[in-house]
$ cat data.cif   # mmCIF, C-alpha atoms
data_work
#
loop_
_atom_site.label_atom_id
_atom_site.label_comp_id
_atom_site.auth_asym_id
_atom_site.auth_seq_id
_atom_site.Cartn_x
_atom_site.Cartn_y
_atom_site.Cartn_z
CA MET W 1003 27.45 -95.05 11.80
CA THR W 1004 28.29 -93.88 8.29
CA THR W 1005 32.04 -93.97 9.05
CA GLU W 1006 31.71 -97.56 10.32
CA TRP W 1007 29.88 -98.61 7.14
CA ILE W 1008 32.52 -96.96 4.95
CA ASP W 1009 35.33 -98.66 6.87
CA GLN W 1010 33.71 -102.10 6.58
CA GLY W 1011 33.24 -101.67 2.86
CA GLU W 1012 36.80 -100.52 2.41
CA VAL W 1013 38.14 -103.41 4.51
CA ALA W 1014 36.23 -105.90 2.37
CA ALA W 1015 37.53 -104.36 -0.81
CA GLU W 1016 41.12 -104.29 0.40
CA ALA W 1017 40.97 -107.82 1.78
CA GLN W 1018 40.00 -108.91 -1.71
CA ALA W 1019 42.76 -106.88 -3.31
CA ASP W 1020 45.55 -107.63 -0.82
CA PRO W 1021 46.61 -111.32 -0.59
CA ALA W 1022 48.42 -110.75 2.71
CA MET W 1023 45.19 -109.64 4.39
CA ALA W 1024 43.19 -112.44 2.78
CA VAL W 1025 45.40 -115.28 3.98
CA GLY W 1026 46.01 -113.73 7.38
CA GLU W 1027 49.78 -113.43 7.25
CA PRO W 1028 51.31 -112.16 10.52
CA ARG W 1029 51.68 -108.40 10.70
CA ASN W 1030 54.24 -106.32 12.57
CA PRO W 1031 52.69 -105.07 15.86
CA PHE W 1032 54.09 -101.57 15.39
CA LEU W 1033 52.64 -101.28 11.89
CA VAL W 1034 49.29 -102.58 13.15
CA ALA W 1035 49.24 -99.97 15.94
CA LEU W 1036 50.28 -97.27 13.47
CA GLY W 1037 47.43 -98.26 11.16
CA GLU W 1038 44.94 -98.11 14.02
CA ARG W 1039 46.08 -94.57 14.84
CA VAL W 1040 45.66 -93.53 11.21
CA ARG W 1041 42.11 -94.89 11.19
CA THR W 1042 41.32 -93.22 14.52
CA LEU W 1043 42.64 -89.86 13.36
CA ARG W 1044 40.77 -90.20 10.07
CA SER W 1045 37.54 -90.96 11.94
CA ARG W 1046 38.12 -88.02 14.26
CA GLN W 1047 38.39 -85.74 11.22
CA GLY W 1048 35.32 -87.33 9.63
CA MET W 1049 37.26 -88.06 6.43
CA THR W 1050 36.88 -91.01 4.09
CA ARG W 1051 39.94 -92.94 3.04
CA LYS W 1052 39.54 -91.58 -0.48
CA ALA W 1053 39.62 -88.00 0.81
CA VAL W 1054 42.73 -88.60 2.92
CA ALA W 1055 44.49 -90.38 0.06
CA ARG W 1056 43.73 -87.47 -2.25
CA ALA W 1057 44.92 -84.86 0.28
CA ALA W 1058 48.08 -86.87 1.02
CA ASP W 1059 48.76 -87.52 -2.67
CA VAL W 1060 48.98 -91.29 -2.19
CA SER W 1061 46.90 -94.10 -3.65
CA GLU W 1062 43.91 -95.48 -1.74
CA ARG W 1063 45.50 -98.91 -1.82
CA HIS W 1064 48.71 -97.57 -0.30
CA LEU W 1065 46.72 -95.86 2.45
CA ALA W 1066 44.64 -99.00 3.04
CA ASN W 1067 47.79 -101.08 3.45
CA LEU W 1068 49.07 -98.51 5.94
CA GLU W 1069 45.81 -98.58 7.92
CA TYR W 1070 45.79 -102.36 8.21
CA GLY W 1071 49.43 -102.82 9.02
CA THR W 1072 50.43 -104.54 5.79
CA GLY W 1073 52.43 -101.67 4.27
CA ASN W 1074 55.71 -100.19 5.50
CA ALA W 1075 55.36 -96.57 4.39
CA SER W 1076 58.34 -94.23 4.00
CA ILE W 1077 58.78 -91.34 6.41
CA LEU W 1078 57.84 -88.88 3.65
CA VAL W 1079 54.56 -90.70 3.00
CA LEU W 1080 53.81 -90.66 6.74
CA LEU W 1081 54.49 -86.92 6.78
CA GLN W 1082 52.09 -86.42 3.88
CA VAL W 1083 49.40 -88.49 5.65
CA ALA W 1084 49.92 -86.52 8.90
CA GLN W 1085 49.48 -83.24 7.03
CA ALA W 1086 46.33 -84.56 5.36
CA LEU W 1087 44.95 -85.51 8.78
CA HIS W 1088 45.91 -82.11 10.25
CA CYS W 1089 48.12 -83.61 12.96
CA THR W 1090 51.80 -83.77 13.79
CA LEU W 1091 54.03 -86.65 12.76
CA ALA W 1092 54.54 -87.37 16.48
CA GLU W 1093 50.78 -87.76 16.93
CA LEU W 1094 50.59 -90.11 13.95
CA LEU W 1095 53.45 -92.25 15.29
CA GLY W 1096 51.97 -92.42 18.78
CA ASP W 1097 53.71 -89.85 20.96
CA ILE W 1098 52.66 -90.18 24.62
CA THR W 1099 51.12 -86.70 24.59
CA THR W 1100 48.54 -87.87 22.06
CA SER W 1101 47.24 -90.80 24.11
CA SER W 1102 44.13 -89.09 25.50
CA PRO W 1103 42.00 -85.98 24.94
CA GLU W 1104 43.35 -84.44 28.19
CA TRP W 1105 46.93 -84.89 26.99
CA LEU W 1106 46.02 -83.17 23.72
CA LEU W 1107 44.29 -80.27 25.50
CA ILE W 1108 47.23 -79.77 27.87
CA ARG W 1109 49.66 -79.87 24.95
CA GLU W 1110 47.58 -77.28 23.12
CA LEU W 1111 47.74 -74.95 26.14
CA LEU W 1112 51.52 -75.25 26.29
CA GLU W 1113 52.24 -75.02 22.58
CA HIS W 1114 54.19 -71.93 21.46
CA ARG W 1115 54.81 -70.79 25.05
CA SER W 1116 58.14 -69.27 26.01
CA GLU W 1117 60.75 -71.23 27.97
CA ALA W 1118 59.98 -69.07 31.01
CA ASP W 1119 56.25 -69.85 30.77
CA LEU W 1120 56.94 -73.57 30.34
CA ARG W 1121 59.22 -73.56 33.38
CA ARG W 1122 56.52 -71.93 35.51
CA ALA W 1123 53.95 -74.41 34.20
CA ARG W 1124 56.22 -77.36 35.03
CA GLN W 1125 56.85 -76.09 38.54
CA ALA W 1126 53.14 -75.43 39.10
CA LEU W 1127 52.26 -78.92 37.86
CA ALA W 1128 54.88 -80.49 40.11
CA GLU W 1129 53.45 -78.65 43.11
CA LEU W 1130 49.85 -79.49 42.15
CA LEU W 1131 50.63 -83.18 41.70
CA GLY W 1132 52.77 -83.46 44.81
CA ALA W 1133 55.95 -84.06 42.82
CA GLY W 1134 57.71 -80.92 44.02
CA GLY W 1135 59.94 -80.94 47.05
CA ASP W 1136 59.74 -78.62 50.02
CA ALA W 1137 61.50 -75.37 49.08
CA ARG W 1138 63.57 -75.20 52.28
CA ALA W 1139 64.64 -78.85 52.02
CA ARG W 1140 65.41 -78.37 48.33
CA HIS W 1141 67.85 -75.55 49.08
CA ALA W 1142 69.73 -77.78 51.50
CA ARG W 1143 70.56 -80.24 48.72
CA ILE W 1144 72.90 -78.90 46.06
CA ALA W 1145 73.26 -80.91 42.86
CA LEU W 1146 76.13 -80.09 40.51
CA ILE W 1147 75.42 -80.87 36.86
CA GLY W 1148 77.52 -80.57 33.71
CA LEU W 1149 79.85 -82.55 31.50
CA ARG W 1150 82.74 -84.56 32.87
CA GLY W 1151 85.70 -82.28 33.52
CA ALA W 1152 83.59 -79.31 34.62
CA GLY W 1153 84.89 -79.59 38.19
CA LYS W 1154 81.90 -81.24 39.87
CA SER W 1155 83.95 -83.55 42.09
CA THR W 1156 86.74 -81.14 42.99
CA LEU W 1157 84.54 -78.11 43.61
CA GLY W 1158 81.72 -80.18 45.06
CA LYS W 1159 83.94 -81.61 47.81
CA ARG W 1160 85.21 -78.16 48.74
CA LEU W 1161 81.71 -76.70 48.72
CA ALA W 1162 80.40 -79.49 50.94
CA ASP W 1163 83.24 -78.98 53.44
CA ASP W 1164 82.61 -75.23 53.46
CA LEU W 1165 78.88 -75.65 54.12
CA GLY W 1166 79.29 -78.52 56.55
CA TYR W 1167 77.25 -80.79 54.26
CA ALA W 1168 77.79 -84.40 53.21
CA PHE W 1169 79.30 -84.94 49.77
CA ILE W 1170 78.50 -87.83 47.43
CA GLU W 1171 79.39 -88.70 43.86
CA LEU W 1172 76.29 -90.24 42.36
CA SER W 1173 78.35 -92.40 39.98
CA ARG W 1174 79.96 -94.17 42.94
CA GLU W 1175 76.52 -94.75 44.52
CA ILE W 1176 75.25 -96.21 41.23
CA GLU W 1177 78.20 -98.63 41.19
CA LYS W 1178 77.42 -99.71 44.75
CA PHE W 1179 73.84 -100.56 43.80
CA ALA W 1180 74.95 -102.46 40.70
CA GLY W 1181 77.96 -104.15 42.26
CA CYS W 1182 80.12 -103.25 39.26
CA GLY W 1183 81.57 -100.27 37.39
CA ILE W 1184 79.63 -97.87 35.19
CA SER W 1185 81.05 -99.32 31.96
CA GLU W 1186 80.15 -102.85 33.09
CA ILE W 1187 76.58 -101.76 33.84
CA HIS W 1188 76.21 -100.49 30.27
CA ASN W 1189 77.97 -103.49 28.72
CA LEU W 1190 76.21 -106.17 30.75
CA TYR W 1191 72.77 -104.74 31.42
CA GLY W 1192 72.26 -101.84 29.01
CA ALA W 1193 71.21 -98.21 29.25
CA HIS W 1194 67.76 -98.89 30.73
CA ALA W 1195 69.27 -100.75 33.68
CA TYR W 1196 71.77 -97.94 34.20
CA ARG W 1197 68.91 -95.41 34.41
CA ARG W 1198 67.15 -97.58 37.02
CA TYR W 1199 70.28 -97.68 39.16
CA GLU W 1200 70.71 -93.94 38.67
CA ARG W 1201 67.13 -93.38 39.85
CA ARG W 1202 67.63 -95.54 42.94
CA ALA W 1203 70.86 -93.77 43.84
CA LEU W 1204 69.28 -90.33 43.43
CA GLU W 1205 66.18 -91.27 45.44
CA GLU W 1206 68.32 -92.65 48.26
CA ALA W 1207 70.52 -89.53 48.33
CA ILE W 1208 67.41 -87.35 48.62
CA GLN W 1209 65.91 -89.52 51.36
CA ILE W 1210 69.04 -90.04 53.46
CA TYR W 1211 70.79 -86.66 53.27
CA PRO W 1212 68.92 -83.54 54.41
CA GLU W 1213 72.06 -81.47 53.69
CA VAL W 1214 74.27 -82.65 50.85
CA VAL W 1215 76.27 -81.66 47.79
CA ILE W 1216 75.80 -84.18 44.96
CA ALA W 1217 78.16 -84.48 42.00
CA THR W 1218 75.97 -85.97 39.28
CA PRO W 1219 76.88 -87.91 36.11
CA GLY W 1220 76.97 -85.70 33.03
CA GLY W 1221 74.22 -87.68 31.30
CA LEU W 1222 71.65 -87.55 34.08
CA VAL W 1223 69.83 -84.72 32.30
CA SER W 1224 69.19 -87.09 29.37
CA ASP W 1225 66.57 -88.95 31.40
CA SER W 1226 63.60 -86.64 31.94
CA ALA W 1227 62.22 -88.60 34.92
CA ASN W 1228 65.50 -88.54 36.83
CA PHE W 1229 66.16 -84.92 35.88
CA ASN W 1230 62.67 -83.90 37.04
CA LEU W 1231 63.28 -85.65 40.37
CA MET W 1232 66.53 -83.76 40.84
CA LEU W 1233 65.05 -80.39 39.86
CA SER W 1234 62.19 -80.90 42.31
CA HIS W 1235 64.35 -81.84 45.28
CA CYS W 1236 67.71 -80.13 44.74
CA PHE W 1237 69.11 -76.67 44.13
CA THR W 1238 70.95 -77.27 40.86
CA VAL W 1239 74.18 -75.64 39.70
CA TRP W 1240 75.42 -76.04 36.12
CA LEU W 1241 79.20 -76.05 36.14
CA GLN W 1242 80.27 -74.97 32.68
CA ALA W 1243 83.71 -75.05 31.05
CA ASP W 1244 85.20 -74.45 27.65
CA PRO W 1245 85.41 -77.69 25.59
CA ALA W 1246 89.22 -77.61 25.62
CA ASP W 1247 89.17 -77.42 29.41
CA HIS W 1248 86.79 -80.37 29.63
CA MET W 1249 89.17 -82.41 27.51
CA SER W 1250 92.37 -81.43 29.31
CA ARG W 1251 90.88 -81.98 32.77
CA VAL W 1252 89.70 -85.48 31.89
CA ALA W 1253 93.18 -86.27 30.56
CA ALA W 1254 94.72 -84.85 33.76
CA GLN W 1255 92.59 -87.32 35.73
CA GLY W 1256 94.50 -90.10 33.95
CA ASP W 1257 91.93 -90.95 31.29
CA LEU W 1258 93.72 -90.51 27.97
CA ARG W 1259 90.96 -92.09 25.85
CA PRO W 1260 89.37 -88.74 24.89
CA MET W 1261 92.69 -87.60 23.49
CA ALA W 1262 92.82 -90.41 20.91
CA GLY W 1263 91.88 -88.85 17.59
CA ASN W 1264 91.65 -85.44 19.25
CA LYS W 1265 89.81 -83.72 16.42
CA GLU W 1266 87.00 -86.28 16.39
CA ALA W 1267 86.87 -86.35 20.19
CA MET W 1268 86.49 -82.58 20.30
CA GLU W 1269 83.73 -82.71 17.69
CA ASP W 1270 81.92 -85.37 19.73
CA LEU W 1271 82.30 -83.29 22.87
CA ASN W 1272 80.86 -80.21 21.16
CA ARG W 1273 77.90 -82.23 19.86
CA ILE W 1274 77.17 -83.65 23.32
CA LEU W 1275 77.42 -80.22 24.89
CA GLU W 1276 75.14 -78.75 22.24
CA GLY W 1277 72.59 -81.52 22.76
CA ARG W 1278 72.53 -81.18 26.54
CA SER W 1279 72.90 -77.44 27.01
CA ALA W 1280 69.15 -76.81 26.79
CA PHE W 1281 68.69 -79.20 29.73
CA TYR W 1282 71.68 -77.99 31.73
CA SER W 1283 70.30 -74.46 31.41
CA LYS W 1284 67.30 -75.45 33.58
CA ALA W 1285 69.64 -75.28 36.59
CA ASP W 1286 69.03 -72.63 39.25
CA LEU W 1287 72.55 -71.27 38.78
CA ALA W 1288 75.13 -71.44 35.98
CA PHE W 1289 78.82 -70.98 36.76
CA ASN W 1290 81.71 -71.04 34.27
CA THR W 1291 84.79 -72.67 35.80
CA SER W 1292 87.07 -71.80 32.87
CA GLN W 1293 87.36 -68.19 33.98
CA TYR W 1294 89.37 -68.86 37.14
CA ALA W 1295 92.30 -70.70 38.68
CA LEU W 1296 91.13 -73.38 41.11
CA ASP W 1297 91.23 -71.40 44.37
CA ASP W 1298 89.66 -68.33 42.78
CA CYS W 1299 87.10 -70.54 41.09
CA PHE W 1300 85.98 -72.06 44.37
CA ALA W 1301 85.85 -68.67 46.08
CA ALA W 1302 83.61 -67.27 43.33
CA LEU W 1303 81.37 -70.36 43.31
CA ARG W 1304 81.10 -70.31 47.11
CA SER W 1305 80.10 -66.65 47.03
CA GLN W 1306 77.42 -67.17 44.38
CA VAL W 1307 75.93 -70.26 46.00
CA ARG W 1308 75.75 -68.66 49.43
CA LYS W 1309 74.15 -65.58 47.91
CA GLU W 1310 71.52 -67.65 46.06
CA LEU W 1311 70.74 -69.70 49.18
CA MET W 1312 70.75 -66.58 51.39
CA LEU W 1313 73.53 -67.95 53.59
CA PRO W 1314 76.09 -65.74 55.35
CA ALA W 1315 79.15 -65.04 53.22
#
$ encode --input "data.cif" --output "structure tokens"
Amino acid sequence: MTTEWIDQGEVAAEAQADPAMAVGEPRNPFLVALGERVRTLRSRQGMTRKAVARAADVSERHLANLEYGTGNASILVLLQVAQALHCTLAELLGDITTSSPEWLLIRELLEHRSEADLRRARQALAELLGAGGDARARHARIALIGLRGAGKSTLGKRLADDLGYAFIELSREIEKFAGCGISEIHNLYGAHAYRRYERRALEEAIQIYPEVVIATPGGLVSDSANFNLMLSHCFTVWLQADPADHMSRVAAQGDLRPMAGNKEAMEDLNRILEGRSAFYSKADLAFNTSQYALDDCFAALRSQVRKELMLPA
């Protein structure tokens, strides 16, 4: 009750002081939502605006403008306000994991856990919520992940023939759904549309093929929903390669674009690999294809996959 009275008084004072609020000028929806979160977090802490402003080292007027969506604060000011409210910047900005008390409690349980603990928690949650696939069915679908040039298509086809499984390249299935090439999907419809087609292609592959080897696009791991679906329903193998091998293999396929400005292209490749490696490492098996000639590479991969799946060598 006291908090409500304080807020009303402060609103009245600020409406008088701020012409934008007084005349009702349109406000940016994001800034309005941000301001509402600041007020909610402040109320949750039981702090007055004056106390938050003092702790954040900003003026009350500046904080009032932030709370009512009339001020576009800098990222450093937002960080100071978050620290004053004893929350993360993500929570202040509206991260999905701050949208309810249950989300916050779950996040608290998982915070500071090791990667191994988080993996077990994810798998347990998937099983609890019915999002996990049957273990036996999962081991009959092998998904190859990794950057372009890792050998997913070449080794995937050989592996499928050896196991007597179907083989599909998910990129080709995406193009069938869209009725155009991958680059056209991005140029005409955008990244969100591409992810929808990717999801449909992956879901269909899981539904139609009980035994299959799937060569996946290198960027599939960038979409957490699609990656979760694959991890739940497929035995995943990360095909690794040295950056120079990635580059030379793509060029050998006839695509010379990566070789233009080779130094920059190699830097880009290293950055992409660095950004995705943490996701690729969630695979059930990692295999470096740079250590072998092609025939030896397939023989070693075949041996490891059969061993992991407990199939006769």
$ residues_near_point --input "data.cif" --point "(72.5, -81.6, 40.6)" --cutoff "10 Å" --atoms "all atoms listed in the file" --output "MDAnalysis selection string"
chainID W and resid 1143:1148 1154 1172 1204 1215:1220 1222:1223 1229 1232:1233 1235:1241 1282 1285:1286
$ atom_distance --input "data.cif" --atom1 "atom CA of W:Leu1107" --atom2 "atom CA of W:Ser1226"
21.3 Å
$ residues_around --input "data.cif" --residues "W:Ala1118" --least-positions-apart "5" --cutoff "12 Å" --atoms "only C-alpha atoms" --output "list in words"
Leu1112, Ala1123, Arg1124, Gln1125, Ser1283 and Lys1284 of chain W
$ closest_residue --input "data.cif" --among "W:Thr1090, W:Gln1047, W:Glu1038, W:Glu1104" --to "W:Ala1066" --atoms "only C-alpha atoms"
W:Glu1038
$ closest_residue --input "data.cif" --among "W:Arg1308, W:Arg1251, W:Lys1178, W:His1064" --to "W:Thr1291" --atoms "only C-alpha atoms"
W:Arg1251
$ atom_distance --input "data.cif" --atom1 "atom CA of W:Cys1299" --atom2 "atom CA of W:Val1252"
17.7 Å
$ residues_around --input "data.cif" --residues "W:Ala1180" --least-positions-apart "3" --cutoff "10 Å" --atoms "only C-alpha atoms" --output "PyMOL selection string"
chain W and resi 1174-1177+1183-1184+1186-1187+1191+1195-1196+1198-1200
$ write_last_selection --input "data.cif" --atoms "C-alpha atoms" --output "JSON list (two decimals), in the frame of the given file"
[["chain", "number", "residue", "atom", "x", "y", "z"],
["W", 1174, "ARG", "CA", 79.96, -94.17, 42.94],
["W", 1175, "GLU", "CA", 76.52, -94.75, 44.52],
["W", 1176, "ILE", "CA", 75.25, -96.21, 41.23],
["W", 1177, "GLU", "CA", 78.20, -98.63, 41.19],
["W", 1183, "GLY", "CA", 81.57, -100.27, 37.39],
["W", 1184, "ILE", "CA", 79.63, -97.87, 35.19],
["W", 1186, "GLU", "CA", 80.15, -102.85, 33.09],
["W", 1187, "ILE", "CA", 76.58, -101.76, 33.84],
["W", 1191, "TYR", "CA", 72.77, -104.74, 31.42],
["W", 1195, "ALA", "CA", 69.27, -100.75, 33.68],
["W", 1196, "TYR", "CA", 71.77, -97.94, 34.20],
["W", 1198, "ARG", "CA", 67.15, -97.58, 37.02],
["W", 1199, "TYR", "CA", 70.28, -97.68, 39.16],
["W", 1200, "GLU", "CA", 70.71, -93.94, 38.67]]
$ resolve_selection --input "data.cif" --expression "the PyMOL selection byres ((chain W and resi 1213) around 10)" --output "number ranges by chain"
W: 1139-1144, 1162, 1165-1169, 1207-1208, 1210-1212, 1214-1216
$ atom_distance --input "data.cif" --atom1 "atom CA of W:Ser1116" --atom2 "atom CA of W:Cys1089"
21.8 Å
$ residues_near_point --input "data.cif" --point "(72.8, -82.8, 24.3)" --cutoff "12 Å" --atoms "all atoms listed in the file" --output "list in words"
Gly1148, Leu1149, Gly1220, Gly1221, Leu1222, Val1223, Ser1224, Asp1225, Asp1270, Leu1271, Asn1272, Arg1273, Ile1274, Leu1275, Glu1276, Gly1277, Arg1278, Ser1279, Ala1280, Phe1281, Tyr1282 and Ser1283 of chain W
$ decode --input "data.cif" --residues "stretch 1290-1310 of chain W" --atoms "N, CA and C atoms" --output "PDB file, in the first residue's frame"
ATOM      1  N   ASN W1290      37.828 -36.175 -35.149  1.00  0.00           N
ATOM      2  CA  ASN W1290      38.617 -35.243 -35.941  1.00  0.00           C
ATOM      3  C   ASN W1290      39.007 -35.883 -37.270  1.00  0.00           C
ATOM      4  N   THR W1291      38.509 -35.315 -38.358  1.00  0.00           N
ATOM      5  CA  THR W1291      38.741 -35.891 -39.683  1.00  0.00           C
ATOM      6  C   THR W1291      40.060 -35.447 -40.294  1.00  0.00           C
ATOM      7  N   SER W1292      40.754 -34.500 -39.651  1.00  0.00           N
ATOM      8  CA  SER W1292      42.022 -34.014 -40.208  1.00  0.00           C
ATOM      9  C   SER W1292      43.175 -34.973 -39.961  1.00  0.00           C
ATOM     10  N   GLN W1293      42.970 -35.969 -39.156  1.00  0.00           N
ATOM     11  CA  GLN W1293      44.057 -36.861 -38.768  1.00  0.00           C
ATOM     12  C   GLN W1293      44.264 -38.029 -39.732  1.00  0.00           C
ATOM     13  N   TYR W1294      43.384 -38.143 -40.739  1.00  0.00           N
ATOM     14  CA  TYR W1294      43.425 -39.328 -41.589  1.00  0.00           C
ATOM     15  C   TYR W1294      43.253 -38.975 -43.071  1.00  0.00           C
ATOM     16  N   ALA W1295      43.725 -39.873 -43.936  1.00  0.00           N
ATOM     17  CA  ALA W1295      43.308 -39.870 -45.332  1.00  0.00           C
ATOM     18  C   ALA W1295      41.880 -40.396 -45.368  1.00  0.00           C
ATOM     19  N   LEU W1296      41.184 -40.187 -46.492  1.00  0.00           N
ATOM     20  CA  LEU W1296      39.750 -40.456 -46.546  1.00  0.00           C
ATOM     21  C   LEU W1296      39.384 -41.878 -46.139  1.00  0.00           C
ATOM     22  N   ASP W1297      40.006 -42.882 -46.742  1.00  0.00           N
ATOM     23  CA  ASP W1297      39.639 -44.271 -46.439  1.00  0.00           C
ATOM     24  C   ASP W1297      39.921 -44.618 -44.976  1.00  0.00           C
ATOM     25  N   ASP W1298      41.070 -44.168 -44.483  1.00  0.00           N
ATOM     26  CA  ASP W1298      41.404 -44.422 -43.078  1.00  0.00           C
ATOM     27  C   ASP W1298      40.462 -43.667 -42.147  1.00  0.00           C
ATOM     28  N   CYS W1299      40.074 -42.478 -42.591  1.00  0.00           N
ATOM     29  CA  CYS W1299      39.163 -41.656 -41.798  1.00  0.00           C
ATOM     30  C   CYS W1299      37.822 -42.368 -41.637  1.00  0.00           C
ATOM     31  N   PHE W1300      37.296 -42.887 -42.740  1.00  0.00           N
ATOM     32  CA  PHE W1300      36.013 -43.579 -42.648  1.00  0.00           C
ATOM     33  C   PHE W1300      36.127 -44.835 -41.788  1.00  0.00           C
ATOM     34  N   ALA W1301      37.209 -45.570 -41.945  1.00  0.00           N
ATOM     35  CA  ALA W1301      37.381 -46.796 -41.164  1.00  0.00           C
ATOM     36  C   ALA W1301      37.397 -46.485 -39.667  1.00  0.00           C
ATOM     37  N   ALA W1302      38.100 -45.406 -39.282  1.00  0.00           N
ATOM     38  CA  ALA W1302      38.170 -45.038 -37.866  1.00  0.00           C
ATOM     39  C   ALA W1302      36.821 -44.546 -37.358  1.00  0.00           C
ATOM     40  N   LEU W1303      36.122 -43.756 -38.175  1.00  0.00           N
ATOM     41  CA  LEU W1303      34.797 -43.264 -37.783  1.00  0.00           C
ATOM     42  C   LEU W1303      33.812 -44.423 -37.649  1.00  0.00           C
ATOM     43  N   ARG W1304      33.833 -45.327 -38.621  1.00  0.00           N
ATOM     44  CA  ARG W1304      32.956 -46.498 -38.587  1.00  0.00           C
ATOM     45  C   ARG W1304      33.177 -47.286 -37.309  1.00  0.00           C
ATOM     46  N   SER W1305      34.455 -47.498 -36.959  1.00  0.00           N
ATOM     47  CA  SER W1305      34.777 -48.273 -35.767  1.00  0.00           C
ATOM     48  C   SER W1305      34.247 -47.599 -34.502  1.00  0.00           C
ATOM     49  N   GLN W1306      34.441 -46.288 -34.407  1.00  0.00           N
ATOM     50  CA  GLN W1306      33.997 -45.577 -33.202  1.00  0.00           C
ATOM     51  C   GLN W1306      32.488 -45.536 -33.084  1.00  0.00           C
ATOM     52  N   VAL W1307      31.803 -45.300 -34.192  1.00  0.00           N
ATOM     53  CA  VAL W1307      30.340 -45.239 -34.167  1.00  0.00           C
ATOM     54  C   VAL W1307      29.758 -46.591 -33.793  1.00  0.00           C
ATOM     55  N   ARG W1308      30.254 -47.632 -34.406  1.00  0.00           N
ATOM     56  CA  ARG W1308      29.738 -48.977 -34.086  1.00  0.00           C
ATOM     57  C   ARG W1308      30.008 -49.338 -32.623  1.00  0.00           C
ATOM     58  N   LYS W1309      31.154 -48.919 -32.118  1.00  0.00           N
ATOM     59  CA  LYS W1309      31.459 -49.193 -30.716  1.00  0.00           C
ATOM     60  C   LYS W1309      30.492 -48.452 -29.792  1.00  0.00           C
ATOM     61  N   GLU W1310      30.236 -47.170 -30.090  1.00  0.00           N
ATOM     62  CA  GLU W1310      29.334 -46.362 -29.264  1.00  0.00           C
ATOM     63  C   GLU W1310      27.902 -46.908 -29.307  1.00  0.00           C
TER      64      GLU W1310
END
